[in-house]
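To be precise, the following lines are final-v7.pdb, and they hold PDB, C-alpha atoms.
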```
MODEL        1
ATOM      1  CA  MET T   1     -21.711 -73.168   6.330  1.00  0.00           C
ATOM      2  CA  LYS T   2     -23.330 -71.066   3.639  1.00  0.00           C
ATOM      3  CA  LEU T   3     -22.344 -67.425   3.703  1.00  0.00           C
ATOM      4  CA  THR T   4     -23.698 -64.982   1.171  1.00  0.00           C
ATOM      5  CA  SER T   5     -21.019 -63.064  -0.663  1.00  0.00           C
ATOM      6  CA  TYR T   6     -20.771 -60.508  -3.407  1.00  0.00           C
ATOM      7  CA  VAL T   7     -17.828 -59.725  -5.651  1.00  0.00           C
ATOM      8  CA  GLN T   8     -17.269 -56.668  -7.779  1.00  0.00           C
ATOM      9  CA  ASP T   9     -14.029 -55.126  -9.034  1.00  0.00           C
ATOM     10  CA  ARG T  10     -11.959 -57.463  -6.858  1.00  0.00           C
ATOM     11  CA  GLN T  11     -13.878 -56.380  -3.791  1.00  0.00           C
ATOM     12  CA  LEU T  12     -15.334 -59.309  -1.864  1.00  0.00           C
ATOM     13  CA  THR T  13     -18.166 -58.659   0.586  1.00  0.00           C
ATOM     14  CA  ILE T  14     -19.114 -61.512   2.897  1.00  0.00           C
ATOM     15  CA  ALA T  15     -22.264 -61.350   5.024  1.00  0.00           C
ATOM     16  CA  LEU T  16     -21.802 -63.111   8.356  1.00  0.00           C
ATOM     17  CA  THR T  17     -24.995 -64.370   9.986  1.00  0.00           C
ATOM     18  CA  GLY T  18     -26.339 -65.843  13.200  1.00  0.00           C
ATOM     19  CA  GLU T  19     -24.259 -66.587  16.275  1.00  0.00           C
ATOM     20  CA  ILE T  20     -20.462 -66.617  16.055  1.00  0.00           C
ATOM     21  CA  ASP T  21     -18.960 -68.764  18.801  1.00  0.00           C
ATOM     22  CA  HIS T  22     -16.339 -71.485  19.063  1.00  0.00           C
ATOM     23  CA  HIS T  23     -18.885 -73.987  17.729  1.00  0.00           C
ATOM     24  CA  SER T  24     -19.435 -72.068  14.481  1.00  0.00           C
ATOM     25  CA  ALA T  25     -16.104 -70.217  14.087  1.00  0.00           C
ATOM     26  CA  ARG T  26     -14.064 -72.983  12.482  1.00  0.00           C
ATOM     27  CA  GLU T  27     -16.557 -73.404   9.649  1.00  0.00           C
ATOM     28  CA  ILE T  28     -16.842 -69.644   9.157  1.00  0.00           C
ATOM     29  CA  MET T  29     -13.038 -69.316   8.930  1.00  0.00           C
ATOM     30  CA  GLN T  30     -12.902 -72.141   6.431  1.00  0.00           C
ATOM     31  CA  THR T  31     -15.657 -70.673   4.259  1.00  0.00           C
ATOM     32  CA  VAL T  32     -14.110 -67.188   4.357  1.00  0.00           C
ATOM     33  CA  SER T  33     -10.699 -68.640   3.412  1.00  0.00           C
ATOM     34  CA  GLU T  34     -12.203 -70.560   0.498  1.00  0.00           C
ATOM     35  CA  LYS T  35     -13.890 -67.436  -0.829  1.00  0.00           C
ATOM     36  CA  ILE T  36     -10.701 -65.385  -0.522  1.00  0.00           C
ATOM     37  CA  ASP T  37      -8.706 -68.115  -2.297  1.00  0.00           C
ATOM     38  CA  LEU T  38     -11.329 -68.278  -5.042  1.00  0.00           C
ATOM     39  CA  TYR T  39     -11.739 -64.568  -5.753  1.00  0.00           C
ATOM     40  CA  MET T  40      -8.303 -63.227  -4.708  1.00  0.00           C
ATOM     41  CA  PRO T  41      -9.807 -59.879  -3.704  1.00  0.00           C
ATOM     42  CA  LEU T  42      -7.879 -56.662  -3.127  1.00  0.00           C
ATOM     43  CA  ARG T  43     -10.468 -55.605  -0.594  1.00  0.00           C
ATOM     44  CA  CYS T  44     -12.462 -57.889   1.672  1.00  0.00           C
ATOM     45  CA  ILE T  45     -15.456 -56.613   3.636  1.00  0.00           C
ATOM     46  CA  LEU T  46     -16.981 -58.591   6.480  1.00  0.00           C
ATOM     47  CA  ASP T  47     -20.551 -57.444   7.041  1.00  0.00           C
ATOM     48  CA  PHE T  48     -21.903 -58.052  10.559  1.00  0.00           C
ATOM     49  CA  ARG T  49     -25.465 -56.782  10.015  1.00  0.00           C
ATOM     50  CA  ASP T  50     -27.074 -60.187  10.623  1.00  0.00           C
ATOM     51  CA  VAL T  51     -24.813 -61.333  13.464  1.00  0.00           C
ATOM     52  CA  ARG T  52     -27.072 -61.869  16.478  1.00  0.00           C
ATOM     53  CA  PHE T  53     -24.315 -62.811  18.943  1.00  0.00           C
ATOM     54  CA  MET T  54     -20.542 -62.992  18.919  1.00  0.00           C
ATOM     55  CA  ASP T  55     -17.992 -63.986  21.550  1.00  0.00           C
ATOM     56  CA  SER T  56     -14.177 -63.868  21.366  1.00  0.00           C
ATOM     57  CA  SER T  57     -14.246 -66.580  18.694  1.00  0.00           C
ATOM     58  CA  GLY T  58     -15.314 -63.776  16.351  1.00  0.00           C
ATOM     59  CA  ILE T  59     -12.061 -61.943  17.110  1.00  0.00           C
ATOM     60  CA  ALA T  60     -10.196 -65.027  15.881  1.00  0.00           C
ATOM     61  CA  VAL T  61     -12.343 -65.010  12.714  1.00  0.00           C
ATOM     62  CA  VAL T  62     -11.413 -61.367  12.020  1.00  0.00           C
ATOM     63  CA  LEU T  63      -7.697 -61.933  12.743  1.00  0.00           C
ATOM     64  CA  HIS T  64      -7.704 -65.034  10.552  1.00  0.00           C
ATOM     65  CA  THR T  65      -9.303 -63.088   7.690  1.00  0.00           C
ATOM     66  CA  LEU T  66      -6.851 -60.227   8.228  1.00  0.00           C
ATOM     67  CA  ARG T  67      -3.883 -62.604   7.896  1.00  0.00           C
ATOM     68  CA  ARG T  68      -5.292 -64.008   4.651  1.00  0.00           C
ATOM     69  CA  MET T  69      -5.773 -60.527   3.242  1.00  0.00           C
ATOM     70  CA  ASN T  70      -2.290 -59.485   4.368  1.00  0.00           C
ATOM     71  CA  THR T  71      -0.747 -62.350   2.412  1.00  0.00           C
ATOM     72  CA  LEU T  72      -2.589 -61.054  -0.675  1.00  0.00           C
ATOM     73  CA  GLN T  73      -1.465 -57.516   0.213  1.00  0.00           C
ATOM     74  CA  GLY T  74      -5.135 -56.632   0.306  1.00  0.00           C
ATOM     75  CA  LYS T  75      -7.198 -54.728   2.845  1.00  0.00           C
ATOM     76  CA  LEU T  76      -9.873 -55.832   5.285  1.00  0.00           C
ATOM     77  CA  PHE T  77     -12.869 -53.745   6.319  1.00  0.00           C
ATOM     78  CA  LEU T  78     -15.606 -54.484   8.859  1.00  0.00           C
ATOM     79  CA  GLN T  79     -19.026 -52.922   8.505  1.00  0.00           C
ATOM     80  CA  ASN T  80     -22.524 -52.744  10.003  1.00  0.00           C
ATOM     81  CA  ILE T  81     -21.451 -54.124  13.376  1.00  0.00           C
ATOM     82  CA  PRO T  82     -24.279 -54.344  15.958  1.00  0.00           C
ATOM     83  CA  ALA T  83     -23.592 -53.204  19.534  1.00  0.00           C
ATOM     84  CA  GLN T  84     -22.856 -56.595  21.130  1.00  0.00           C
ATOM     85  CA  PRO T  85     -20.266 -57.814  18.589  1.00  0.00           C
ATOM     86  CA  TYR T  86     -18.795 -54.306  18.491  1.00  0.00           C
ATOM     87  CA  LYS T  87     -18.139 -54.346  22.233  1.00  0.00           C
ATOM     88  CA  VAL T  88     -16.322 -57.688  21.916  1.00  0.00           C
ATOM     89  CA  LEU T  89     -14.224 -56.491  18.965  1.00  0.00           C
ATOM     90  CA  ARG T  90     -13.358 -53.277  20.773  1.00  0.00           C
ATOM     91  CA  ALA T  91     -12.192 -55.237  23.837  1.00  0.00           C
ATOM     92  CA  ALA T  92      -9.522 -56.748  21.574  1.00  0.00           C
ATOM     93  CA  GLY T  93      -8.578 -53.402  20.025  1.00  0.00           C
ATOM     94  CA  ILE T  94      -9.608 -54.618  16.579  1.00  0.00           C
ATOM     95  CA  GLU T  95     -10.094 -51.021  15.381  1.00  0.00           C
ATOM     96  CA  LYS T  96      -6.301 -50.625  15.631  1.00  0.00           C
ATOM     97  CA  VAL T  97      -5.570 -53.344  13.075  1.00  0.00           C
ATOM     98  CA  THR T  98      -8.467 -53.032  10.654  1.00  0.00           C
ATOM     99  CA  GLU T  99     -10.863 -50.411   9.434  1.00  0.00           C
ATOM    100  CA  ILE T 100     -14.398 -50.313  10.795  1.00  0.00           C
ATOM    101  CA  ARG T 101     -16.987 -48.405   8.857  1.00  0.00           C
ATOM    102  CA  GLU T 102     -20.696 -48.179   8.511  1.00  0.00           C
ATOM    103  CA  GLU T 103     -21.147 -48.399   4.761  1.00  0.00           C
ATOM    104  CA  CYS T 104     -18.724 -49.324   2.068  1.00  0.00           C
ATOM    105  CA  THR T 105     -18.048 -47.036  -0.834  1.00  0.00           C
ATOM    106  CA  LYS T 106     -17.825 -48.849  -4.099  1.00  0.00           C
TER     107      LYS T 106
ATOM    108  CA  MET J   1     -37.901 -58.880  49.468  1.00  0.00           C
ATOM    109  CA  ARG J   2     -37.467 -61.543  46.847  1.00  0.00           C
ATOM    110  CA  GLY J   3     -36.565 -65.032  48.004  1.00  0.00           C
ATOM    111  CA  GLU J   4     -33.311 -66.378  46.630  1.00  0.00           C
ATOM    112  CA  ASN J   5     -33.658 -67.984  43.240  1.00  0.00           C
ATOM    113  CA  TYR J   6     -31.126 -70.282  41.608  1.00  0.00           C
ATOM    114  CA  MET J   7     -30.540 -72.752  38.782  1.00  0.00           C
ATOM    115  CA  ASN J   8     -28.082 -75.581  38.327  1.00  0.00           C
ATOM    116  CA  LEU J   9     -27.197 -77.188  35.025  1.00  0.00           C
ATOM    117  CA  GLU J  10     -24.907 -80.011  34.063  1.00  0.00           C
ATOM    118  CA  PHE J  11     -24.018 -80.868  30.475  1.00  0.00           C
ATOM    119  CA  PRO J  12     -21.245 -82.536  28.441  1.00  0.00           C
ATOM    120  CA  SER J  13     -18.432 -80.403  26.984  1.00  0.00           C
ATOM    121  CA  LYS J  14     -19.810 -80.422  23.450  1.00  0.00           C
ATOM    122  CA  SER J  15     -19.482 -77.178  21.548  1.00  0.00           C
ATOM    123  CA  ALA J  16     -23.166 -77.306  20.571  1.00  0.00           C
ATOM    124  CA  ASN J  17     -23.878 -76.598  24.258  1.00  0.00           C
ATOM    125  CA  GLU J  18     -22.202 -73.165  24.174  1.00  0.00           C
ATOM    126  CA  ALA J  19     -25.332 -71.582  22.696  1.00  0.00           C
ATOM    127  CA  PHE J  20     -27.563 -73.545  25.084  1.00  0.00           C
ATOM    128  CA  ALA J  21     -25.574 -72.434  28.162  1.00  0.00           C
ATOM    129  CA  ARG J  22     -25.602 -68.710  27.368  1.00  0.00           C
ATOM    130  CA  ALA J  23     -29.278 -68.806  26.372  1.00  0.00           C
ATOM    131  CA  ALA J  24     -30.194 -70.606  29.620  1.00  0.00           C
ATOM    132  CA  VAL J  25     -28.404 -68.013  31.763  1.00  0.00           C
ATOM    133  CA  ALA J  26     -29.934 -65.179  29.727  1.00  0.00           C
ATOM    134  CA  CYS J  27     -33.434 -66.581  30.328  1.00  0.00           C
ATOM    135  CA  PHE J  28     -32.722 -66.966  34.037  1.00  0.00           C
ATOM    136  CA  ALA J  29     -31.319 -63.418  34.225  1.00  0.00           C
ATOM    137  CA  ALA J  30     -34.447 -61.981  32.590  1.00  0.00           C
ATOM    138  CA  GLN J  31     -36.185 -61.764  35.995  1.00  0.00           C
ATOM    139  CA  LEU J  32     -33.672 -59.033  36.956  1.00  0.00           C
ATOM    140  CA  ASP J  33     -34.985 -56.944  34.068  1.00  0.00           C
ATOM    141  CA  PRO J  34     -31.602 -56.352  32.418  1.00  0.00           C
ATOM    142  CA  THR J  35     -31.067 -54.107  29.417  1.00  0.00           C
ATOM    143  CA  LEU J  36     -30.066 -55.669  26.102  1.00  0.00           C
ATOM    144  CA  ASP J  37     -26.509 -54.443  26.737  1.00  0.00           C
ATOM    145  CA  GLU J  38     -26.363 -56.097  30.158  1.00  0.00           C
ATOM    146  CA  LEU J  39     -27.797 -59.301  28.733  1.00  0.00           C
ATOM    147  CA  GLY J  40     -25.226 -59.199  25.922  1.00  0.00           C
ATOM    148  CA  ASP J  41     -22.393 -58.870  28.453  1.00  0.00           C
ATOM    149  CA  ILE J  42     -23.703 -61.817  30.504  1.00  0.00           C
ATOM    150  CA  LYS J  43     -24.164 -64.044  27.450  1.00  0.00           C
ATOM    151  CA  THR J  44     -20.669 -63.201  26.217  1.00  0.00           C
ATOM    152  CA  ALA J  45     -19.058 -63.977  29.590  1.00  0.00           C
ATOM    153  CA  VAL J  46     -20.905 -67.309  29.923  1.00  0.00           C
ATOM    154  CA  SER J  47     -19.969 -68.231  26.373  1.00  0.00           C
ATOM    155  CA  GLU J  48     -16.281 -67.543  27.123  1.00  0.00           C
ATOM    156  CA  ALA J  49     -16.323 -69.576  30.341  1.00  0.00           C
ATOM    157  CA  VAL J  50     -18.043 -72.578  28.773  1.00  0.00           C
ATOM    158  CA  THR J  51     -15.818 -72.431  25.682  1.00  0.00           C
ATOM    159  CA  ASN J  52     -12.730 -72.502  27.918  1.00  0.00           C
ATOM    160  CA  CYS J  53     -14.018 -75.727  29.526  1.00  0.00           C
ATOM    161  CA  ILE J  54     -14.571 -77.288  26.115  1.00  0.00           C
ATOM    162  CA  VAL J  55     -11.280 -76.170  24.550  1.00  0.00           C
ATOM    163  CA  HIS J  56      -8.896 -76.220  27.504  1.00  0.00           C
ATOM    164  CA  ALA J  57     -10.305 -78.333  30.348  1.00  0.00           C
ATOM    165  CA  TYR J  58     -11.271 -81.291  28.176  1.00  0.00           C
ATOM    166  CA  PRO J  59      -9.139 -80.943  25.018  1.00  0.00           C
ATOM    167  CA  ASP J  60      -9.291 -84.594  23.975  1.00  0.00           C
ATOM    168  CA  THR J  61     -12.327 -85.907  25.813  1.00  0.00           C
ATOM    169  CA  ILE J  62     -15.908 -85.016  26.572  1.00  0.00           C
ATOM    170  CA  GLY J  63     -16.216 -84.089  30.231  1.00  0.00           C
ATOM    171  CA  GLN J  64     -18.791 -82.609  32.528  1.00  0.00           C
ATOM    172  CA  ILE J  65     -19.483 -78.885  32.853  1.00  0.00           C
ATOM    173  CA  ILE J  66     -21.445 -77.534  35.784  1.00  0.00           C
ATOM    174  CA  LEU J  67     -23.156 -74.186  35.405  1.00  0.00           C
ATOM    175  CA  LYS J  68     -24.839 -72.499  38.345  1.00  0.00           C
ATOM    176  CA  ALA J  69     -26.586 -69.161  38.534  1.00  0.00           C
ATOM    177  CA  ARG J  70     -28.115 -67.405  41.528  1.00  0.00           C
ATOM    178  CA  ILE J  71     -29.871 -64.143  42.214  1.00  0.00           C
ATOM    179  CA  LEU J  72     -28.262 -62.297  45.106  1.00  0.00           C
ATOM    180  CA  ASP J  73     -29.579 -59.330  47.071  1.00  0.00           C
ATOM    181  CA  GLY J  74     -28.994 -56.024  45.366  1.00  0.00           C
ATOM    182  CA  ASN J  75     -30.030 -57.212  41.914  1.00  0.00           C
ATOM    183  CA  VAL J  76     -26.849 -59.222  41.396  1.00  0.00           C
ATOM    184  CA  LEU J  77     -26.512 -62.236  39.140  1.00  0.00           C
ATOM    185  CA  ASP J  78     -23.965 -64.728  40.443  1.00  0.00           C
ATOM    186  CA  ILE J  79     -22.585 -67.306  37.997  1.00  0.00           C
ATOM    187  CA  VAL J  80     -20.305 -70.296  38.570  1.00  0.00           C
ATOM    188  CA  VAL J  81     -18.860 -72.387  35.735  1.00  0.00           C
ATOM    189  CA  LYS J  82     -16.965 -75.442  36.900  1.00  0.00           C
ATOM    190  CA  ASP J  83     -15.162 -78.325  35.256  1.00  0.00           C
ATOM    191  CA  ARG J  84     -13.178 -81.326  36.436  1.00  0.00           C
ATOM    192  CA  GLY J  85     -10.693 -81.100  33.602  1.00  0.00           C
ATOM    193  CA  ARG J  86      -6.946 -80.723  33.440  1.00  0.00           C
ATOM    194  CA  GLY J  87      -6.722 -77.355  35.183  1.00  0.00           C
ATOM    195  CA  ILE J  88      -4.423 -74.419  34.468  1.00  0.00           C
ATOM    196  CA  GLU J  89      -0.700 -74.632  35.302  1.00  0.00           C
ATOM    197  CA  ASP J  90      -0.036 -70.904  35.173  1.00  0.00           C
ATOM    198  CA  VAL J  91      -3.129 -68.832  35.942  1.00  0.00           C
ATOM    199  CA  GLU J  92      -1.302 -65.495  35.661  1.00  0.00           C
ATOM    200  CA  GLN J  93      -0.183 -66.326  32.143  1.00  0.00           C
ATOM    201  CA  ALA J  94      -3.672 -67.545  31.182  1.00  0.00           C
ATOM    202  CA  ARG J  95      -5.155 -64.221  32.275  1.00  0.00           C
ATOM    203  CA  LYS J  96      -2.923 -62.180  29.984  1.00  0.00           C
ATOM    204  CA  PRO J  97      -4.732 -60.638  26.994  1.00  0.00           C
ATOM    205  CA  MET J  98      -3.937 -62.354  23.694  1.00  0.00           C
ATOM    206  CA  PHE J  99      -2.278 -65.325  25.416  1.00  0.00           C
ATOM    207  CA  THR J 100      -3.698 -68.661  24.294  1.00  0.00           C
ATOM    208  CA  THR J 101      -2.702 -72.275  24.050  1.00  0.00           C
ATOM    209  CA  GLY J 102      -5.680 -72.804  21.745  1.00  0.00           C
ATOM    210  CA  GLY J 103      -3.928 -72.081  18.430  1.00  0.00           C
ATOM    211  CA  GLU J 104      -5.128 -69.927  15.568  1.00  0.00           C
ATOM    212  CA  GLU J 105      -8.775 -70.631  16.239  1.00  0.00           C
ATOM    213  CA  ARG J 106      -8.685 -68.858  19.571  1.00  0.00           C
ATOM    214  CA  SER J 107      -8.002 -65.190  20.235  1.00  0.00           C
ATOM    215  CA  GLY J 108      -6.711 -65.367  23.811  1.00  0.00           C
ATOM    216  CA  MET J 109      -9.291 -62.766  24.856  1.00  0.00           C
ATOM    217  CA  GLY J 110     -11.771 -64.970  26.747  1.00  0.00           C
ATOM    218  CA  ILE J 111     -10.625 -64.211  30.286  1.00  0.00           C
ATOM    219  CA  THR J 112     -10.019 -60.518  29.533  1.00  0.00           C
ATOM    220  CA  ILE J 113     -13.595 -60.242  28.260  1.00  0.00           C
ATOM    221  CA  MET J 114     -15.051 -62.023  31.297  1.00  0.00           C
ATOM    222  CA  GLU J 115     -13.069 -59.683  33.582  1.00  0.00           C
ATOM    223  CA  SER J 116     -14.134 -56.521  31.812  1.00  0.00           C
ATOM    224  CA  PHE J 117     -17.770 -57.426  31.084  1.00  0.00           C
ATOM    225  CA  MET J 118     -18.617 -58.617  34.598  1.00  0.00           C
ATOM    226  CA  THR J 119     -18.641 -56.732  37.905  1.00  0.00           C
ATOM    227  CA  GLU J 120     -16.552 -59.385  39.684  1.00  0.00           C
ATOM    228  CA  PHE J 121     -14.425 -62.215  38.334  1.00  0.00           C
ATOM    229  CA  ARG J 122     -12.536 -64.949  40.186  1.00  0.00           C
ATOM    230  CA  LEU J 123     -10.711 -67.918  38.754  1.00  0.00           C
ATOM    231  CA  SER J 124      -9.365 -70.837  40.739  1.00  0.00           C
ATOM    232  CA  SER J 125      -7.694 -73.857  39.259  1.00  0.00           C
ATOM    233  CA  VAL J 126      -5.926 -76.969  40.448  1.00  0.00           C
ATOM    234  CA  PRO J 127      -3.824 -78.716  37.777  1.00  0.00           C
ATOM    235  CA  GLY J 128      -5.247 -82.176  37.149  1.00  0.00           C
ATOM    236  CA  LYS J 129      -8.403 -81.457  39.163  1.00  0.00           C
ATOM    237  CA  GLY J 130     -10.268 -78.722  37.349  1.00  0.00           C
ATOM    238  CA  THR J 131     -11.088 -75.036  37.122  1.00  0.00           C
ATOM    239  CA  THR J 132     -13.831 -72.879  38.590  1.00  0.00           C
ATOM    240  CA  VAL J 133     -14.832 -69.475  37.273  1.00  0.00           C
ATOM    241  CA  HIS J 134     -16.957 -67.363  39.581  1.00  0.00           C
ATOM    242  CA  MET J 135     -18.411 -64.125  38.303  1.00  0.00           C
ATOM    243  CA  LYS J 136     -21.001 -61.585  39.353  1.00  0.00           C
ATOM    244  CA  ARG J 137     -22.857 -58.952  37.444  1.00  0.00           C
ATOM    245  CA  LYS J 138     -24.890 -56.230  39.055  1.00  0.00           C
ATOM    246  CA  ILE J 139     -27.975 -55.337  37.059  1.00  0.00           C
ATOM    247  CA  ILE J 140     -28.856 -51.671  37.329  1.00  0.00           C
ATOM    248  CA  ARG J 141     -32.370 -51.096  38.632  1.00  0.00           C
ATOM    249  CA  ARG J 142     -34.291 -48.831  36.386  1.00  0.00           C
ATOM    250  CA  GLY J 143     -37.280 -46.590  36.964  1.00  0.00           C
ATOM    251  CA  GLY J 144     -40.784 -47.975  37.337  1.00  0.00           C
ATOM    252  CA  LYS J 145     -39.726 -50.948  39.473  1.00  0.00           C
ATOM    253  CA  LYS J 146     -40.722 -51.411  43.084  1.00  0.00           C
TER     254      LYS J 146
ENDMDL
END
```

Serialized structure, structure tokens:
Amino acid sequence: MKLTSYVQDRQLTIALTGEIDHHSAREIMQTVSEKIDLYMPLRCILDFRDVRFMDSSGIAVVLHTLRRMNTLQGKLFLQNIPAQPYKVLRAAGIEKVTEIREECTK
Amino acid sequence: MRGENYMNLEFPSKSANEAFARAAVACFAAQLDPTLDELGDIKTAVSEAVTNCIVHAYPDTIGQIILKARILDGNVLDIVVKDRGRGIEDVEQARKPMFTTGGEERSGMGITIMESFMTEFRLSSVPGKGTTVHMKRKIIRRGGKK
């Protein structure tokens, strides 16, 4: 899966797109892991602006990314989350383990 | 009064069908004039139920998934997702948030989400025979509708 990403000052922003379900989650996790391994960021931002649907598989994607960032002693941020994915993430209490924000500050 | 409407679908437990299943139920539910939020809840719950069949009921094979939806009196959408897979040994444990036998790729939140996003949720399972999820969602009637 192709995911657009942007790196600056060891901050990696990854734009998630489309529908995140069990069918797509494995590939997303793999791509995110590859990007983290490649850029070794201190901060990773998952941008949800173009996510049209997400079920609990998306929670696994976030937790997976969080574990990768924890091993690098980096931080994970989530931003621009539409209402439907936000409701799913909130059901899992994701806001307790990672920071959710609207816009990132460089 | 509206006559009862229903749909029945049957498809193999391939993960490509997750998107198809939730889209089909969303299209069927459209006649109840749901809000985007209500539709989002319904799609999420269907996606969780169908994913559970694919991941847990038929872990090593492709089996059959039956998806039924009905419109009940009172603007209620009634959904049944049924498999003939391996069933659940310990239903209480399966219902616990964050519990999963699905490994790192699963969050263990599927049943919790179905329970909290739908008005009613029932799960029955017979080990070796299969699992049935039965859920209902009341769609709030809004102004301008007779």

Chain and number of each residue from the ChimeraX specification (/T :<10) & /J, as a PyMOL selection string: chain J and resi 14-19+36-41+43-48+50-52+54-55+97-98+103-113+116-117

Fewer than 2 positions away in the same chain doesn't count, so skip those; otherwise give me all residues within 9 Å of segment 15-17 of chain T, counting only C-alpha atoms, as a PDB file with C-alpha atoms, in the coordinates of the input.
```
ATOM      1  CA  LEU T   3     -22.344 -67.425   3.703  1.00  0.00           C
ATOM      2  CA  THR T   4     -23.698 -64.982   1.171  1.00  0.00           C
ATOM      3  CA  SER T   5     -21.019 -63.064  -0.663  1.00  0.00           C
ATOM      4  CA  TYR T   6     -20.771 -60.508  -3.407  1.00  0.00           C
ATOM      5  CA  THR T  13     -18.166 -58.659   0.586  1.00  0.00           C
ATOM      6  CA  GLU T  19     -24.259 -66.587  16.275  1.00  0.00           C
ATOM      7  CA  ILE T  20     -20.462 -66.617  16.055  1.00  0.00           C
ATOM      8  CA  ILE T  28     -16.842 -69.644   9.157  1.00  0.00           C
ATOM      9  CA  ILE T  45     -15.456 -56.613   3.636  1.00  0.00           C
ATOM     10  CA  LEU T  46     -16.981 -58.591   6.480  1.00  0.00           C
ATOM     11  CA  ASP T  47     -20.551 -57.444   7.041  1.00  0.00           C
ATOM     12  CA  PHE T  48     -21.903 -58.052  10.559  1.00  0.00           C
ATOM     13  CA  ARG T  49     -25.465 -56.782  10.015  1.00  0.00           C
ATOM     14  CA  ASP T  50     -27.074 -60.187  10.623  1.00  0.00           C
ATOM     15  CA  VAL T  51     -24.813 -61.333  13.464  1.00  0.00           C
ATOM     16  CA  ARG T  52     -27.072 -61.869  16.478  1.00  0.00           C
TER      17      ARG T  52
END
```

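Taken over the whole file, the PyMOL selection byres ((chain T and resi 95-102) around 8) covers exactly Leu66, Leu76, Phe77, Leu78, Gln79, Asn80, Ile81, Leu89, Arg90, Gly93, Ile94, Glu103 and Cys104 of chain T.
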
Would you output that residue set with C-alpha atoms, as a short mmCIF file (atom, residue, chain, number, x, y, z; two decimals), in the coordinates of the input?
```cif
data_model
loop_
_atom_site.label_atom_id
_atom_site.label_comp_id
_atom_site.auth_asym_id
_atom_site.auth_seq_id
_atom_site.Cartn_x
_atom_site.Cartn_y
_atom_site.Cartn_z
CA LEU T 66 -6.85 -60.23 8.23
CA LEU T 76 -9.87 -55.83 5.28
CA PHE T 77 -12.87 -53.74 6.32
CA LEU T 78 -15.61 -54.48 8.86
CA GLN T 79 -19.03 -52.92 8.51
CA ASN T 80 -22.52 -52.74 10.00
CA ILE T 81 -21.45 -54.12 13.38
CA LEU T 89 -14.22 -56.49 18.96
CA ARG T 90 -13.36 -53.28 20.77
CA GLY T 93 -8.58 -53.40 20.02
CA ILE T 94 -9.61 -54.62 16.58
CA GLU T 103 -21.15 -48.40 4.76
CA CYS T 104 -18.72 -49.32 2.07
#
```

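For Ile71 of chain J, the residues within 10 Å (counting only C-alpha atoms, excluding itself and residues fewer than 5 positions away along the chain) are Arg2, Gly3, Glu4, Asn5, Tyr6, Met7, Phe28, Ala29, Gln31, Leu32, Val76, Leu77, Asp78, Ile79, Lys136, Arg137 and Lys138 of chain J.
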
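For the atom pair formed by atom CA of Val7 of chain T and atom CA of Glu27 of chain T, the distance is 20.6 Å, given to one decimal.
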
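Among the candidates J:Arg142, J:Ala49, J:Asp60, J:Ala69, the one nearest to Ala26 of chain J when counting all atoms listed in the file is J:Ala69.
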
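Of note, atom CA of Pro41 of chain T and atom CA of Arg10 of chain T are spaced 4.5 Å apart.
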
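Distance annotation: of J:Ala21, J:Leu9, J:Val133, J:Ala94, the residue with the minimal separation from Met114 of chain J is J:Val133; atom set is only C-alpha atoms.
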
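Between atom CA of Ala24 of chain J and atom CA of Thr61 of chain J there is a distance of 23.8 Å.
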
Explicit residues for the PyMOL selection byres ((chain T and resi 40) around 12) (as a PyMOL selection string): chain T and resi 7-12+32-39+41-44+68-75

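The nearest approach to Gly63 of chain J among the residues J:Asn75, J:Gln93, J:Thr101, J:Ser13, with all atoms listed in the file taken into account, belongs to J:Ser13.
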
Spatial neighbours of Arg86 of chain J, max dist 9 Å, only C-alpha atoms, sep filter under 3 positions, as an MDAnalysis selection string: chainID J and resid 56:59 83 89 126:131
